[in-house]
>>> print(open('run.cif').read())   # mmCIF, N, CA and C atoms
data_coords
#
loop_
_atom_site.label_atom_id
_atom_site.label_comp_id
_atom_site.auth_asym_id
_atom_site.auth_seq_id
_atom_site.Cartn_x
_atom_site.Cartn_y
_atom_site.Cartn_z
N MET A 1316 -29.18 103.10 -125.22
CA MET A 1316 -27.83 103.56 -125.49
C MET A 1316 -26.84 102.70 -124.70
N ALA A 1317 -25.81 102.24 -125.36
CA ALA A 1317 -24.82 101.38 -124.72
C ALA A 1317 -24.03 102.17 -123.69
N PHE A 1318 -23.58 101.44 -122.62
CA PHE A 1318 -22.82 102.09 -121.55
C PHE A 1318 -21.56 102.75 -122.10
N GLU A 1319 -20.91 102.11 -123.09
CA GLU A 1319 -19.67 102.66 -123.67
C GLU A 1319 -19.95 104.02 -124.28
N GLN A 1320 -21.07 104.18 -124.99
CA GLN A 1320 -21.42 105.46 -125.59
C GLN A 1320 -21.74 106.48 -124.50
N ILE A 1321 -22.41 106.06 -123.46
CA ILE A 1321 -22.76 106.96 -122.37
C ILE A 1321 -21.50 107.51 -121.72
N ARG A 1322 -20.51 106.64 -121.51
CA ARG A 1322 -19.28 107.05 -120.85
C ARG A 1322 -18.50 108.05 -121.68
N LYS A 1323 -18.61 108.01 -123.01
CA LYS A 1323 -17.84 108.88 -123.89
C LYS A 1323 -18.37 110.31 -123.90
N LYS A 1324 -19.57 110.53 -123.48
CA LYS A 1324 -20.13 111.88 -123.47
C LYS A 1324 -19.52 112.70 -122.35
N ASP A 1325 -19.45 113.99 -122.56
CA ASP A 1325 -18.96 114.90 -121.53
C ASP A 1325 -20.18 115.41 -120.75
N TRP A 1326 -20.52 114.69 -119.69
CA TRP A 1326 -21.72 115.00 -118.93
C TRP A 1326 -21.63 116.36 -118.25
N TYR A 1327 -20.44 116.79 -117.91
CA TYR A 1327 -20.29 118.11 -117.28
C TYR A 1327 -20.69 119.22 -118.26
N SER A 1328 -20.24 119.11 -119.51
CA SER A 1328 -20.57 120.16 -120.48
C SER A 1328 -22.06 120.16 -120.80
N ILE A 1329 -22.70 118.99 -120.74
CA ILE A 1329 -24.14 118.93 -120.98
C ILE A 1329 -24.88 119.74 -119.92
N LEU A 1330 -24.38 119.69 -118.68
CA LEU A 1330 -25.00 120.48 -117.60
C LEU A 1330 -24.43 121.90 -117.54
N GLY A 1331 -23.43 122.18 -118.38
CA GLY A 1331 -22.80 123.51 -118.36
C GLY A 1331 -21.99 123.73 -117.10
N ALA A 1332 -21.37 122.65 -116.61
CA ALA A 1332 -20.64 122.72 -115.34
C ALA A 1332 -19.18 122.31 -115.54
N ASP A 1333 -18.38 122.69 -114.58
CA ASP A 1333 -16.97 122.34 -114.55
C ASP A 1333 -16.82 121.04 -113.75
N PRO A 1334 -15.87 120.17 -114.11
CA PRO A 1334 -15.68 118.93 -113.34
C PRO A 1334 -15.36 119.16 -111.86
N SER A 1335 -14.88 120.33 -111.52
CA SER A 1335 -14.56 120.61 -110.12
C SER A 1335 -15.76 121.19 -109.36
N ALA A 1336 -16.90 121.32 -110.03
CA ALA A 1336 -18.10 121.89 -109.40
C ALA A 1336 -18.60 121.01 -108.26
N HIS A 1337 -19.12 121.66 -107.24
CA HIS A 1337 -19.69 120.94 -106.09
C HIS A 1337 -21.03 120.34 -106.49
N MET A 1338 -21.45 119.34 -105.76
CA MET A 1338 -22.71 118.64 -106.04
C MET A 1338 -23.89 119.62 -106.04
N SER A 1339 -23.88 120.59 -105.15
CA SER A 1339 -24.98 121.56 -105.10
C SER A 1339 -25.04 122.41 -106.38
N ASP A 1340 -23.88 122.75 -106.95
CA ASP A 1340 -23.84 123.50 -108.20
C ASP A 1340 -24.36 122.65 -109.35
N LEU A 1341 -23.95 121.38 -109.36
CA LEU A 1341 -24.43 120.47 -110.41
C LEU A 1341 -25.95 120.33 -110.35
N LYS A 1342 -26.46 120.19 -109.14
CA LYS A 1342 -27.91 120.03 -108.96
C LYS A 1342 -28.66 121.28 -109.42
N GLN A 1343 -28.12 122.45 -109.10
CA GLN A 1343 -28.74 123.70 -109.49
C GLN A 1343 -28.78 123.84 -111.02
N LYS A 1344 -27.69 123.50 -111.68
CA LYS A 1344 -27.64 123.58 -113.15
C LYS A 1344 -28.60 122.56 -113.77
N TYR A 1345 -28.62 121.36 -113.19
CA TYR A 1345 -29.54 120.33 -113.67
C TYR A 1345 -30.99 120.81 -113.58
N GLN A 1346 -31.38 121.33 -112.42
CA GLN A 1346 -32.76 121.75 -112.21
C GLN A 1346 -33.16 122.87 -113.18
N LYS A 1347 -32.25 123.79 -113.42
CA LYS A 1347 -32.53 124.90 -114.34
C LYS A 1347 -32.74 124.37 -115.76
N LEU A 1348 -31.84 123.48 -116.20
CA LEU A 1348 -31.92 122.95 -117.56
C LEU A 1348 -33.10 122.01 -117.75
N ILE A 1349 -33.38 121.18 -116.76
CA ILE A 1349 -34.46 120.20 -116.90
C ILE A 1349 -35.81 120.91 -117.02
N LEU A 1350 -35.95 122.04 -116.33
CA LEU A 1350 -37.19 122.84 -116.47
C LEU A 1350 -37.25 123.51 -117.84
N MET A 1351 -36.11 124.00 -118.30
CA MET A 1351 -36.06 124.70 -119.58
C MET A 1351 -36.42 123.78 -120.75
N TYR A 1352 -35.98 122.53 -120.69
CA TYR A 1352 -36.19 121.60 -121.81
C TYR A 1352 -37.31 120.59 -121.57
N HIS A 1353 -38.00 120.70 -120.46
CA HIS A 1353 -39.07 119.74 -120.15
C HIS A 1353 -40.14 119.80 -121.25
N PRO A 1354 -40.58 118.64 -121.76
CA PRO A 1354 -41.57 118.62 -122.84
C PRO A 1354 -42.86 119.37 -122.52
N ASP A 1355 -43.28 119.36 -121.27
CA ASP A 1355 -44.51 120.05 -120.89
C ASP A 1355 -44.35 121.57 -120.89
N LYS A 1356 -43.12 122.05 -120.88
CA LYS A 1356 -42.87 123.49 -120.83
C LYS A 1356 -42.69 124.10 -122.24
N GLN A 1357 -42.76 123.26 -123.27
CA GLN A 1357 -42.54 123.75 -124.63
C GLN A 1357 -43.82 124.37 -125.19
N SER A 1358 -43.64 125.40 -125.95
CA SER A 1358 -44.77 126.10 -126.57
C SER A 1358 -45.41 125.21 -127.63
N THR A 1359 -46.70 125.33 -127.79
CA THR A 1359 -47.43 124.51 -128.77
C THR A 1359 -47.23 125.00 -130.20
N ASP A 1360 -46.80 126.26 -130.37
CA ASP A 1360 -46.62 126.79 -131.73
C ASP A 1360 -45.20 126.62 -132.26
N VAL A 1361 -44.42 125.78 -131.61
CA VAL A 1361 -43.05 125.52 -132.04
C VAL A 1361 -43.07 124.35 -133.02
N PRO A 1362 -42.24 124.40 -134.07
CA PRO A 1362 -42.21 123.29 -135.04
C PRO A 1362 -41.88 121.95 -134.35
N ALA A 1363 -42.40 120.86 -134.91
CA ALA A 1363 -42.20 119.52 -134.34
C ALA A 1363 -40.71 119.18 -134.24
N GLU A 1364 -39.94 119.64 -135.18
CA GLU A 1364 -38.50 119.37 -135.17
C GLU A 1364 -37.83 119.99 -133.93
N THR A 1365 -38.23 121.19 -133.57
CA THR A 1365 -37.68 121.87 -132.40
C THR A 1365 -38.10 121.15 -131.12
N VAL A 1366 -39.35 120.69 -131.09
CA VAL A 1366 -39.86 119.97 -129.92
C VAL A 1366 -39.04 118.68 -129.75
N GLU A 1367 -38.78 117.99 -130.85
CA GLU A 1367 -37.99 116.75 -130.80
C GLU A 1367 -36.57 117.02 -130.29
N GLU A 1368 -35.97 118.14 -130.72
CA GLU A 1368 -34.63 118.52 -130.24
C GLU A 1368 -34.65 118.78 -128.74
N CYS A 1369 -35.69 119.44 -128.27
CA CYS A 1369 -35.83 119.71 -126.83
C CYS A 1369 -36.00 118.41 -126.04
N ILE A 1370 -36.76 117.48 -126.58
CA ILE A 1370 -36.95 116.20 -125.90
C ILE A 1370 -35.62 115.46 -125.81
N GLN A 1371 -34.85 115.46 -126.90
CA GLN A 1371 -33.55 114.79 -126.89
C GLN A 1371 -32.61 115.46 -125.88
N LYS A 1372 -32.65 116.78 -125.83
CA LYS A 1372 -31.82 117.52 -124.87
C LYS A 1372 -32.26 117.19 -123.44
N PHE A 1373 -33.57 117.13 -123.23
CA PHE A 1373 -34.13 116.78 -121.92
C PHE A 1373 -33.62 115.41 -121.48
N ILE A 1374 -33.64 114.43 -122.38
CA ILE A 1374 -33.18 113.07 -122.07
C ILE A 1374 -31.69 113.08 -121.74
N GLU A 1375 -30.92 113.84 -122.52
CA GLU A 1375 -29.48 113.93 -122.30
C GLU A 1375 -29.15 114.57 -120.94
N ILE A 1376 -29.88 115.61 -120.58
CA ILE A 1376 -29.70 116.28 -119.29
C ILE A 1376 -30.03 115.32 -118.15
N ASP A 1377 -31.10 114.57 -118.33
CA ASP A 1377 -31.50 113.59 -117.31
C ASP A 1377 -30.43 112.50 -117.16
N GLN A 1378 -29.85 112.03 -118.26
CA GLN A 1378 -28.78 111.03 -118.21
C GLN A 1378 -27.55 111.60 -117.49
N ALA A 1379 -27.23 112.85 -117.79
CA ALA A 1379 -26.08 113.50 -117.14
C ALA A 1379 -26.28 113.53 -115.63
N TRP A 1380 -27.48 113.87 -115.20
CA TRP A 1380 -27.74 113.94 -113.77
C TRP A 1380 -27.72 112.56 -113.11
N LYS A 1381 -28.19 111.54 -113.83
CA LYS A 1381 -28.15 110.18 -113.28
C LYS A 1381 -26.72 109.74 -112.99
N ILE A 1382 -25.78 110.22 -113.78
CA ILE A 1382 -24.38 109.86 -113.57
C ILE A 1382 -23.72 110.80 -112.58
N LEU A 1383 -23.87 112.09 -112.76
CA LEU A 1383 -23.18 113.07 -111.91
C LEU A 1383 -23.90 113.35 -110.59
N GLY A 1384 -25.16 113.02 -110.50
CA GLY A 1384 -25.92 113.28 -109.28
C GLY A 1384 -25.74 112.21 -108.21
N ASN A 1385 -25.05 111.15 -108.54
CA ASN A 1385 -24.80 110.06 -107.61
C ASN A 1385 -23.30 110.01 -107.34
N GLU A 1386 -22.91 110.10 -106.08
CA GLU A 1386 -21.48 110.17 -105.73
C GLU A 1386 -20.68 108.99 -106.31
N GLU A 1387 -21.25 107.80 -106.25
CA GLU A 1387 -20.53 106.61 -106.71
C GLU A 1387 -20.35 106.60 -108.22
N THR A 1388 -21.42 106.87 -108.97
CA THR A 1388 -21.29 106.87 -110.43
C THR A 1388 -20.48 108.07 -110.91
N LYS A 1389 -20.55 109.18 -110.19
CA LYS A 1389 -19.74 110.36 -110.54
C LYS A 1389 -18.25 110.04 -110.37
N LYS A 1390 -17.92 109.38 -109.28
CA LYS A 1390 -16.52 109.01 -109.04
C LYS A 1390 -16.02 108.07 -110.13
N GLU A 1391 -16.83 107.09 -110.47
CA GLU A 1391 -16.48 106.13 -111.52
C GLU A 1391 -16.28 106.85 -112.86
N TYR A 1392 -17.19 107.77 -113.18
CA TYR A 1392 -17.10 108.54 -114.42
C TYR A 1392 -15.84 109.41 -114.43
N ASP A 1393 -15.58 110.10 -113.32
CA ASP A 1393 -14.40 110.96 -113.23
C ASP A 1393 -13.10 110.16 -113.39
N LEU A 1394 -13.04 108.98 -112.77
CA LEU A 1394 -11.86 108.13 -112.90
C LEU A 1394 -11.68 107.66 -114.34
N GLN A 1395 -12.77 107.32 -114.99
CA GLN A 1395 -12.69 106.88 -116.39
C GLN A 1395 -12.25 108.03 -117.29
N GLN A 1396 -12.75 109.23 -117.03
CA GLN A 1396 -12.33 110.40 -117.81
C GLN A 1396 -10.84 110.65 -117.63
N HIS A 1397 -10.37 110.54 -116.38
CA HIS A 1397 -8.95 110.75 -116.09
C HIS A 1397 -8.10 109.70 -116.81
N ALA A 1398 -8.52 108.46 -116.78
CA ALA A 1398 -7.79 107.39 -117.46
C ALA A 1398 -7.76 107.64 -118.97
N ASP A 1399 -8.87 108.09 -119.53
CA ASP A 1399 -8.92 108.38 -120.97
C ASP A 1399 -7.97 109.53 -121.31
N GLU A 1400 -7.92 110.55 -120.46
CA GLU A 1400 -6.98 111.67 -120.68
C GLU A 1400 -5.54 111.18 -120.67
N LEU A 1401 -5.22 110.31 -119.71
CA LEU A 1401 -3.86 109.78 -119.64
C LEU A 1401 -3.53 108.94 -120.87
N ARG A 1402 -4.48 108.13 -121.32
CA ARG A 1402 -4.25 107.30 -122.51
C ARG A 1402 -3.96 108.17 -123.72
N ASN A 1403 -4.64 109.31 -123.80
CA ASN A 1403 -4.44 110.21 -124.92
C ASN A 1403 -3.10 110.95 -124.86
N MET A 1404 -2.51 111.00 -123.67
CA MET A 1404 -1.21 111.68 -123.52
C MET A 1404 -0.09 110.89 -124.20
N GLY A 1405 -0.22 109.59 -124.24
CA GLY A 1405 0.83 108.79 -124.84
C GLY A 1405 0.74 107.35 -124.41
N PRO A 1406 1.65 106.54 -124.93
CA PRO A 1406 1.60 105.11 -124.63
C PRO A 1406 2.03 104.81 -123.20
N VAL A 1407 1.60 103.65 -122.73
CA VAL A 1407 2.00 103.19 -121.40
C VAL A 1407 3.46 102.75 -121.48
N ASP A 1408 4.28 103.29 -120.58
CA ASP A 1408 5.72 103.00 -120.57
C ASP A 1408 6.03 101.66 -119.92
N ALA A 1409 5.28 101.30 -118.88
CA ALA A 1409 5.56 100.06 -118.16
C ALA A 1409 4.31 99.62 -117.40
N GLN A 1410 4.31 98.35 -117.05
CA GLN A 1410 3.27 97.80 -116.19
C GLN A 1410 3.92 97.47 -114.85
N VAL A 1411 3.32 97.97 -113.77
CA VAL A 1411 3.91 97.83 -112.45
C VAL A 1411 2.86 97.32 -111.47
N TYR A 1412 3.26 96.36 -110.64
CA TYR A 1412 2.37 95.90 -109.57
C TYR A 1412 2.47 96.88 -108.40
N LEU A 1413 1.36 97.11 -107.75
CA LEU A 1413 1.31 98.01 -106.60
C LEU A 1413 2.37 97.61 -105.57
N GLU A 1414 2.58 96.32 -105.42
CA GLU A 1414 3.56 95.82 -104.45
C GLU A 1414 4.99 96.26 -104.78
N GLU A 1415 5.25 96.64 -106.03
CA GLU A 1415 6.58 97.08 -106.45
C GLU A 1415 6.83 98.56 -106.10
N MET A 1416 5.78 99.26 -105.75
CA MET A 1416 5.91 100.67 -105.42
C MET A 1416 6.27 100.84 -103.95
N THR A 1417 6.87 101.98 -103.63
CA THR A 1417 7.29 102.27 -102.26
C THR A 1417 6.15 102.92 -101.49
N TRP A 1418 5.88 102.42 -100.29
CA TRP A 1418 4.83 102.96 -99.42
C TRP A 1418 5.38 104.12 -98.61
N ASN A 1419 4.67 105.24 -98.60
CA ASN A 1419 5.04 106.40 -97.81
C ASN A 1419 3.98 106.59 -96.72
N GLN A 1420 4.33 106.28 -95.50
CA GLN A 1420 3.40 106.33 -94.37
C GLN A 1420 2.92 107.76 -94.09
N ASP A 1421 3.80 108.75 -94.26
CA ASP A 1421 3.47 110.14 -93.93
C ASP A 1421 2.26 110.67 -94.71
N ASP A 1422 2.27 110.46 -96.01
CA ASP A 1422 1.14 110.97 -96.80
C ASP A 1422 0.23 109.87 -97.35
N GLN A 1423 0.39 108.65 -96.81
CA GLN A 1423 -0.47 107.51 -97.17
C GLN A 1423 -0.53 107.32 -98.69
N SER A 1424 0.67 107.24 -99.32
CA SER A 1424 0.70 107.07 -100.76
C SER A 1424 1.79 106.08 -101.18
N PHE A 1425 1.64 105.61 -102.41
CA PHE A 1425 2.64 104.75 -103.03
C PHE A 1425 3.38 105.59 -104.05
N SER A 1426 4.67 105.33 -104.25
CA SER A 1426 5.42 106.06 -105.26
C SER A 1426 6.44 105.15 -105.93
N LEU A 1427 6.86 105.58 -107.10
CA LEU A 1427 7.86 104.86 -107.88
C LEU A 1427 8.65 105.89 -108.66
N SER A 1428 9.95 105.76 -108.69
CA SER A 1428 10.79 106.71 -109.43
C SER A 1428 10.66 106.45 -110.93
N CYS A 1429 10.62 107.52 -111.66
CA CYS A 1429 10.57 107.46 -113.12
C CYS A 1429 11.99 107.57 -113.66
N ARG A 1430 12.21 107.11 -114.85
CA ARG A 1430 13.55 107.19 -115.43
C ARG A 1430 14.01 108.61 -115.69
N CYS A 1431 13.06 109.57 -115.69
CA CYS A 1431 13.42 110.97 -115.90
C CYS A 1431 13.86 111.65 -114.60
N GLY A 1432 13.67 110.95 -113.48
CA GLY A 1432 13.99 111.54 -112.18
C GLY A 1432 12.75 111.98 -111.41
N GLY A 1433 11.60 112.01 -112.10
CA GLY A 1433 10.34 112.37 -111.47
C GLY A 1433 9.75 111.18 -110.72
N LYS A 1434 8.49 111.30 -110.33
CA LYS A 1434 7.85 110.22 -109.57
C LYS A 1434 6.44 109.95 -110.07
N TYR A 1435 6.08 108.68 -109.96
CA TYR A 1435 4.71 108.25 -110.13
C TYR A 1435 4.17 108.14 -108.71
N THR A 1436 3.10 108.84 -108.40
CA THR A 1436 2.56 108.81 -107.04
C THR A 1436 1.06 108.57 -107.10
N ILE A 1437 0.59 107.75 -106.16
CA ILE A 1437 -0.85 107.47 -106.07
C ILE A 1437 -1.21 107.26 -104.61
N SER A 1438 -2.35 107.84 -104.20
CA SER A 1438 -2.78 107.69 -102.81
C SER A 1438 -3.31 106.28 -102.58
N LYS A 1439 -3.40 105.91 -101.33
CA LYS A 1439 -3.90 104.58 -100.96
C LYS A 1439 -5.32 104.39 -101.49
N ASP A 1440 -6.17 105.41 -101.34
CA ASP A 1440 -7.55 105.33 -101.80
C ASP A 1440 -7.65 105.19 -103.31
N GLU A 1441 -6.85 105.96 -104.03
CA GLU A 1441 -6.87 105.92 -105.49
C GLU A 1441 -6.36 104.59 -106.04
N ALA A 1442 -5.46 103.96 -105.32
CA ALA A 1442 -4.83 102.73 -105.79
C ALA A 1442 -5.84 101.63 -106.10
N GLU A 1443 -6.99 101.66 -105.45
CA GLU A 1443 -8.02 100.66 -105.68
C GLU A 1443 -8.74 100.86 -107.01
N ASP A 1444 -8.83 102.12 -107.47
CA ASP A 1444 -9.65 102.44 -108.63
C ASP A 1444 -8.87 102.84 -109.88
N VAL A 1445 -7.67 103.36 -109.73
CA VAL A 1445 -6.93 103.93 -110.84
C VAL A 1445 -6.06 102.87 -111.52
N ASN A 1446 -6.02 102.90 -112.86
CA ASN A 1446 -5.21 101.96 -113.62
C ASN A 1446 -3.94 102.61 -114.17
N LEU A 1447 -4.02 103.89 -114.50
CA LEU A 1447 -2.90 104.58 -115.12
C LEU A 1447 -2.41 105.72 -114.24
N ILE A 1448 -1.08 105.86 -114.17
CA ILE A 1448 -0.48 106.92 -113.36
C ILE A 1448 0.52 107.67 -114.21
N ALA A 1449 0.42 108.98 -114.24
CA ALA A 1449 1.35 109.82 -115.01
C ALA A 1449 2.49 110.27 -114.11
N CYS A 1450 3.67 110.39 -114.71
CA CYS A 1450 4.83 110.91 -113.98
C CYS A 1450 4.57 112.38 -113.69
N ASP A 1451 5.05 112.85 -112.54
CA ASP A 1451 4.83 114.26 -112.18
C ASP A 1451 5.77 115.21 -112.90
N THR A 1452 6.72 114.68 -113.68
CA THR A 1452 7.69 115.52 -114.37
C THR A 1452 7.62 115.40 -115.89
N CYS A 1453 7.52 114.18 -116.39
CA CYS A 1453 7.52 113.99 -117.85
C CYS A 1453 6.17 113.44 -118.32
N SER A 1454 6.11 113.01 -119.55
CA SER A 1454 4.84 112.52 -120.11
C SER A 1454 4.69 111.01 -120.03
N LEU A 1455 5.60 110.33 -119.36
CA LEU A 1455 5.50 108.88 -119.27
C LEU A 1455 4.34 108.45 -118.36
N ILE A 1456 3.78 107.29 -118.68
CA ILE A 1456 2.63 106.75 -117.96
C ILE A 1456 2.93 105.29 -117.63
N ILE A 1457 2.54 104.86 -116.44
CA ILE A 1457 2.63 103.44 -116.10
C ILE A 1457 1.23 102.90 -115.86
N GLU A 1458 1.08 101.62 -116.11
CA GLU A 1458 -0.17 100.95 -115.82
C GLU A 1458 -0.02 100.22 -114.50
N LEU A 1459 -0.95 100.45 -113.61
CA LEU A 1459 -0.91 99.83 -112.28
C LEU A 1459 -1.64 98.50 -112.34
N LEU A 1460 -0.95 97.43 -111.98
CA LEU A 1460 -1.54 96.10 -111.95
C LEU A 1460 -1.80 95.70 -110.52
N HIS A 1461 -2.84 94.93 -110.32
CA HIS A 1461 -3.19 94.46 -108.99
C HIS A 1461 -2.98 92.95 -108.94
N CYS A 1462 -2.30 92.51 -107.93
CA CYS A 1462 -2.02 91.09 -107.76
C CYS A 1462 -3.30 90.34 -107.41
N CYS A 1463 -3.50 89.23 -108.07
CA CYS A 1463 -4.60 88.29 -107.82
C CYS A 1463 -5.90 89.00 -107.61
#
>>> encode(input="run.cif", output="structure tokens")
Amino acid sequence: MAFEQIRKKDWYSILGADPSAHMSDLKQKYQKLILMYHPDKQSTDVPAETVEECIQKFIEIDQAWKILGNEETKKEYDLQQHADELRNMGPVDAQVYLEEMTWNQDDQSFSLSCRCGGKYTISKDEAEDVNLIACDTCSLIIELLHCC
């Protein structure tokens, strides 16, 4: 399966979990489902079609855990999901270099005023990974560019 297809799946719903769930909750849901759909746990008197569906579900659950069970890949997946949500909200209004944004020492964030009077805000940590930033007041979105 191509990485692009893998990224498009909602791995949280496959595990029956919320994106805000803690790692321990995700692990608990994974363990419950992986046992339920494990090929060795299937009854022998079940039609072959049902067994095949269980195997596919088992593989999908395992893929979900490989992404969500690792802090780094989970973060990457969550950021991609957030970017996809922003893209679906509407077109990018402008492209802005991080250096054009104002640094706020108090809360360790960058900000830029929006034409509606609201603000585009991003933390120092997020600035490395995030490409799109939504205004806190309207539906406008800017694309964050990184110099060199």
>>> resolve_selection(input="run.cif", expression="the PyMOL selection byres ((chain A and resi 1453) around 8)", output="PyMOL selection string")
chain A and resi 1431-1434+1449-1452+1454-1456
>>> residues_around(input="run.cif", residues="Ile1376 (chain A)", least_positions_apart="4", cutoff="8 Å", atoms="only N, CA and C atoms", output="list of chain:residue names")
A:Ile1329, A:Leu1330, A:Tyr1345, A:Leu1348, A:Ile1349, A:Ile1370, A:Gln1371, A:Lys1372, A:Trp1380, A:Lys1381, A:Ile1382
>>> write_last_selection(input="run.cif", atoms="N, CA and C atoms", output="short mmCIF file (atom, residue, chain, number, x, y, z; two decimals), in the coordinates of the input")
data_model
loop_
_atom_site.label_atom_id
_atom_site.label_comp_id
_atom_site.auth_asym_id
_atom_site.auth_seq_id
_atom_site.Cartn_x
_atom_site.Cartn_y
_atom_site.Cartn_z
N ILE A 1329 -22.70 118.99 -120.74
CA ILE A 1329 -24.14 118.93 -120.98
C ILE A 1329 -24.88 119.74 -119.92
N LEU A 1330 -24.38 119.69 -118.68
CA LEU A 1330 -25.00 120.48 -117.60
C LEU A 1330 -24.43 121.90 -117.54
N TYR A 1345 -28.62 121.36 -113.19
CA TYR A 1345 -29.54 120.33 -113.67
C TYR A 1345 -30.99 120.81 -113.58
N LEU A 1348 -31.84 123.48 -116.20
CA LEU A 1348 -31.92 122.95 -117.56
C LEU A 1348 -33.10 122.01 -117.75
N ILE A 1349 -33.38 121.18 -116.76
CA ILE A 1349 -34.46 120.20 -116.90
C ILE A 1349 -35.81 120.91 -117.02
N ILE A 1370 -36.76 117.48 -126.58
CA ILE A 1370 -36.95 116.20 -125.90
C ILE A 1370 -35.62 115.46 -125.81
N GLN A 1371 -34.85 115.46 -126.90
CA GLN A 1371 -33.55 114.79 -126.89
C GLN A 1371 -32.61 115.46 -125.88
N LYS A 1372 -32.65 116.78 -125.83
CA LYS A 1372 -31.82 117.52 -124.87
C LYS A 1372 -32.26 117.19 -123.44
N TRP A 1380 -27.48 113.87 -115.20
CA TRP A 1380 -27.74 113.94 -113.77
C TRP A 1380 -27.72 112.56 -113.11
N LYS A 1381 -28.19 111.54 -113.83
CA LYS A 1381 -28.15 110.18 -113.28
C LYS A 1381 -26.72 109.74 -112.99
N ILE A 1382 -25.78 110.22 -113.78
CA ILE A 1382 -24.38 109.86 -113.57
C ILE A 1382 -23.72 110.80 -112.58
#
>>> closest_residue(input="run.cif", among="A:Val1361, A:Cys1369, A:Asp1408, A:Phe1425", to="Asp1440 (chain A)", atoms="only C-alpha atoms")
A:Phe1425
>>> closest_residue(input="run.cif", among="A:Asp1355, A:Asp1444, A:Glu1458, A:Glu1414", to="Leu1401 (chain A)", atoms="only C-alpha atoms")
A:Glu1458
>>> select_by_dssp(input="run.cif", residues="region 1378-1427 of chain A", states="strand (DSSP E)", output="list in words")
Val1407, Asp1408, Ala1409, Gln1410, Val1411, Tyr1412, Thr1417, Trp1418, Asn1419, Ser1424, Phe1425, Ser1426 and Leu1427 of chain A
>>> atom_distance(input="run.cif", atom1="CA of Asp1333 (chain A)", atom2="CA of Ser1426 (chain A)")
29.2 Å
>>> closest_residue(input="run.cif", among="A:Pro1354, A:Leu1459, A:Ala1332, A:Val1407", to="Leu1427 (chain A)", atoms="only C-alpha atoms")
A:Leu1459
>>> resolve_selection(input="run.cif", expression="the PyMOL selection byres (((chain A and resi 1334 and name CA) around 12) and name CA)", output="PyMOL selection string")
chain A and resi 1325-1333+1335-1338+1340-1341+1383+1389-1390+1392-1394+1396-1397
>>> residues_around(input="run.cif", residues="Lys1439 (chain A)", least_positions_apart="3", cutoff="8 Å", atoms="only C-alpha atoms", output="MDAnalysis selection string")
chainID A and resid 1423:1425 1442:1443
>>> atom_distance(input="run.cif", atom1="CA of Gln1420 (chain A)", atom2="CA of Thr1388 (chain A)")
29.5 Å
>>> closest_residue(input="run.cif", among="A:Cys1429, A:Lys1344, A:Arg1402, A:Phe1373", to="Gln1357 (chain A)", atoms="only C-alpha atoms")
A:Phe1373
>>> select_by_dssp(input="run.cif", residues="chain A", states="alpha helix (DSSP H)", output="count of residues only")
70
>>> atom_distance(input="run.cif", atom1="CA of Thr1436 (chain A)", atom2="atom C of Gln1410 (chain A)")
13.8 Å
>>> closest_residue(input="run.cif", among="A:Val1445, A:Leu1350, A:Met1416, A:Ile1437", to="Gln1395 (chain A)", atoms="only N, CA and C atoms")
A:Val1445
>>> resolve_selection(input="run.cif", expression="the PyMOL selection byres (((chain A and resi 1460 and name CA) around 6) and name CA)", output="ChimeraX atom specification")
/A:1411-1412,1459,1461
>>> closest_residue(input="run.cif", among="A:Lys1324, A:Glu1364, A:Trp1418, A:Ser1428", to="Ala1379 (chain A)", atoms="only C-alpha atoms")
A:Lys1324
